[in-house]
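Peer 1: Sharing a structure, written as structure tokens. Questions coming.
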Amino acid sequence: MIENAQNAVFAFDKNLIVNLWNPKAEELFGYSAKKAIGAKLPALLVAPDNRDSFEDLLSKFVKNQDSATQNKLSKLTAQTKKKEELQLKMHIFAATSGETSVYCVIVANTAALLKL
């Protein structure tokens, strides 16, 4: 289901390390799953000058599972591998099994949506 999703879908752990990266994420951001999985998420998605604030936001979500962020759309200005800027809407939520949580993100590229 995730592999065939129409939107980019990825997941990360409590250390912000990517552990899932679907084909639409590959297409949108330009990184193969092989390259993305194991990488720190802010380094893949955000320009260097904005990484600290994005990492702080994600860390806060992971630590508190911030109800203001969870299951809501968040806007993000992201960057592709080719350094192209993307305006995204992200839906982020936690999936927990026992003491282990995985943080899942579903992304819509707003520029692509405007072309429809």
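Letters A, B, ... go to the chains of the structure tokens in the order shown; residues in each chain start at 1; ligands are counted from 1 in the same order.
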Looking only at strand (DSSP E) from DSSP on the backbone, list the matching residues of segment 25-103 of chain A as a ChimeraX atom specification.

Peer 2: /A:73-79,85-97,100-103

Peer 1: Put those residues in a file: N, CA and C atoms, as an mmCIF file, in the first residue's frame.

Peer 2:
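Heads up, here's the output in part_23.cif:
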```
data_model
loop_
_atom_site.group_PDB
_atom_site.id
_atom_site.type_symbol
_atom_site.label_atom_id
_atom_site.label_comp_id
_atom_site.auth_asym_id
_atom_site.auth_seq_id
_atom_site.Cartn_x
_atom_site.Cartn_y
_atom_site.Cartn_z
ATOM 1 N N LEU A 73 -2.270 18.950 9.304
ATOM 2 C CA LEU A 73 -1.388 19.336 8.210
ATOM 3 C C LEU A 73 -0.421 20.408 8.679
ATOM 4 N N SER A 74 0.841 20.216 8.373
ATOM 5 C CA SER A 74 1.866 21.209 8.667
ATOM 6 C C SER A 74 2.486 21.629 7.346
ATOM 7 N N LYS A 75 2.821 22.888 7.235
ATOM 8 C CA LYS A 75 3.465 23.387 6.018
ATOM 9 C C LYS A 75 4.972 23.365 6.204
ATOM 10 N N LEU A 76 5.670 23.085 5.110
ATOM 11 C CA LEU A 76 7.119 23.034 5.140
ATOM 12 C C LEU A 76 7.660 23.502 3.797
ATOM 13 N N THR A 77 8.669 24.339 3.849
ATOM 14 C CA THR A 77 9.428 24.655 2.651
ATOM 15 C C THR A 77 10.606 23.693 2.653
ATOM 16 N N ALA A 78 10.579 22.755 1.721
ATOM 17 C CA ALA A 78 11.597 21.711 1.650
ATOM 18 C C ALA A 78 12.514 21.970 0.465
ATOM 19 N N GLN A 79 13.508 21.116 0.355
ATOM 20 C CA GLN A 79 14.491 21.252 -0.713
ATOM 21 C C GLN A 79 14.769 19.869 -1.296
ATOM 22 N N GLU A 85 13.401 24.317 -4.404
ATOM 23 C CA GLU A 85 12.522 24.555 -3.265
ATOM 24 C C GLU A 85 11.127 23.999 -3.550
ATOM 25 N N LEU A 86 10.551 23.349 -2.546
ATOM 26 C CA LEU A 86 9.204 22.793 -2.643
ATOM 27 C C LEU A 86 8.350 23.308 -1.490
ATOM 28 N N GLN A 87 7.120 23.673 -1.784
ATOM 29 C CA GLN A 87 6.154 24.020 -0.747
ATOM 30 C C GLN A 87 5.321 22.767 -0.492
ATOM 31 N N LEU A 88 5.412 22.242 0.714
ATOM 32 C CA LEU A 88 4.766 20.981 1.036
ATOM 33 C C LEU A 88 3.754 21.133 2.154
ATOM 34 N N LYS A 89 2.805 20.228 2.138
ATOM 35 C CA LYS A 89 1.919 20.037 3.280
ATOM 36 C C LYS A 89 2.173 18.620 3.770
ATOM 37 N N MET A 90 2.424 18.499 5.070
ATOM 38 C CA MET A 90 2.742 17.207 5.661
ATOM 39 C C MET A 90 1.701 16.840 6.713
ATOM 40 N N HIS A 91 1.323 15.590 6.700
ATOM 41 C CA HIS A 91 0.472 15.026 7.737
ATOM 42 C C HIS A 91 1.382 14.095 8.521
ATOM 43 N N ILE A 92 1.597 14.376 9.808
ATOM 44 C CA ILE A 92 2.518 13.588 10.603
ATOM 45 C C ILE A 92 1.771 12.923 11.754
ATOM 46 N N PHE A 93 2.108 11.678 12.013
ATOM 47 C CA PHE A 93 1.465 10.954 13.115
ATOM 48 C C PHE A 93 2.415 9.889 13.644
ATOM 49 N N ALA A 94 2.192 9.486 14.882
ATOM 50 C CA ALA A 94 3.008 8.459 15.519
ATOM 51 C C ALA A 94 2.287 7.123 15.457
ATOM 52 N N ALA A 95 3.053 6.084 15.183
ATOM 53 C CA ALA A 95 2.551 4.710 15.247
ATOM 54 C C ALA A 95 3.377 4.018 16.321
ATOM 55 N N THR A 96 2.735 3.563 17.373
ATOM 56 C CA THR A 96 3.435 2.997 18.515
ATOM 57 C C THR A 96 3.075 1.534 18.707
ATOM 58 N N SER A 97 4.091 0.740 18.975
ATOM 59 C CA SER A 97 3.919 -0.668 19.311
ATOM 60 C C SER A 97 4.770 -0.938 20.538
ATOM 61 N N THR A 100 8.076 1.163 21.362
ATOM 62 C CA THR A 100 8.707 1.647 20.143
ATOM 63 C C THR A 100 7.720 2.480 19.329
ATOM 64 N N SER A 101 8.171 3.652 18.930
ATOM 65 C CA SER A 101 7.356 4.517 18.081
ATOM 66 C C SER A 101 8.058 4.774 16.769
ATOM 67 N N VAL A 102 7.260 4.846 15.725
ATOM 68 C CA VAL A 102 7.726 5.260 14.406
ATOM 69 C C VAL A 102 6.863 6.452 14.037
ATOM 70 N N TYR A 103 7.464 7.452 13.456
ATOM 71 C CA TYR A 103 6.767 8.683 13.107
ATOM 72 C C TYR A 103 6.595 8.708 11.594
#
```

Peer 1: Please give the complete set of residues from chain A that DSSP, run on the backbone, assigns to helix (DSSP H, G or I), formatted as a PyMOL selection string.

Peer 2: chain A and resi 23-29+33-36+41-45+48-64+110-115

Peer 1: Using only C-alpha atoms, which residue out of A:Ser59, A:Thr80, A:Asn64, A:Asn50 lies closest to Glu26 of chain A?

Peer 2: A:Thr80

Peer 1: Give me, please, the distance in Å between atom CA of Gly98 of chain A and atom CA of Lys24 of chain A, quoted to one decimal.

Peer 2: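 So the answer is 29.4 Å.
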
Peer 1: Please provide the set of residues having any atom within 10 Å of segment 16-19 of chain A, restricted to only C-alpha atoms, with same-chain residues fewer than 3 positions apart removed, written as a list in words.

Peer 2: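 The filter keeps Phe10, Ala11, Phe12, Asp13, Ala33, Lys35, Ala36, Ile37, Gly38, Ala39, Lys40, Leu41, Pro42, Ala43, Leu44, Glu55, Leu58, Ser59, Val62, Val102, Tyr103 and Cys104 of chain A.
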
Peer 1: With only C-alpha atoms as the counted atoms, please give the residues lying no more than 12 Å from Pro23 of chain A, apart from itself and same-chain residues fewer than 4 positions off, as number ranges by chain.

Peer 2: A: 1-10, 27-34, 36
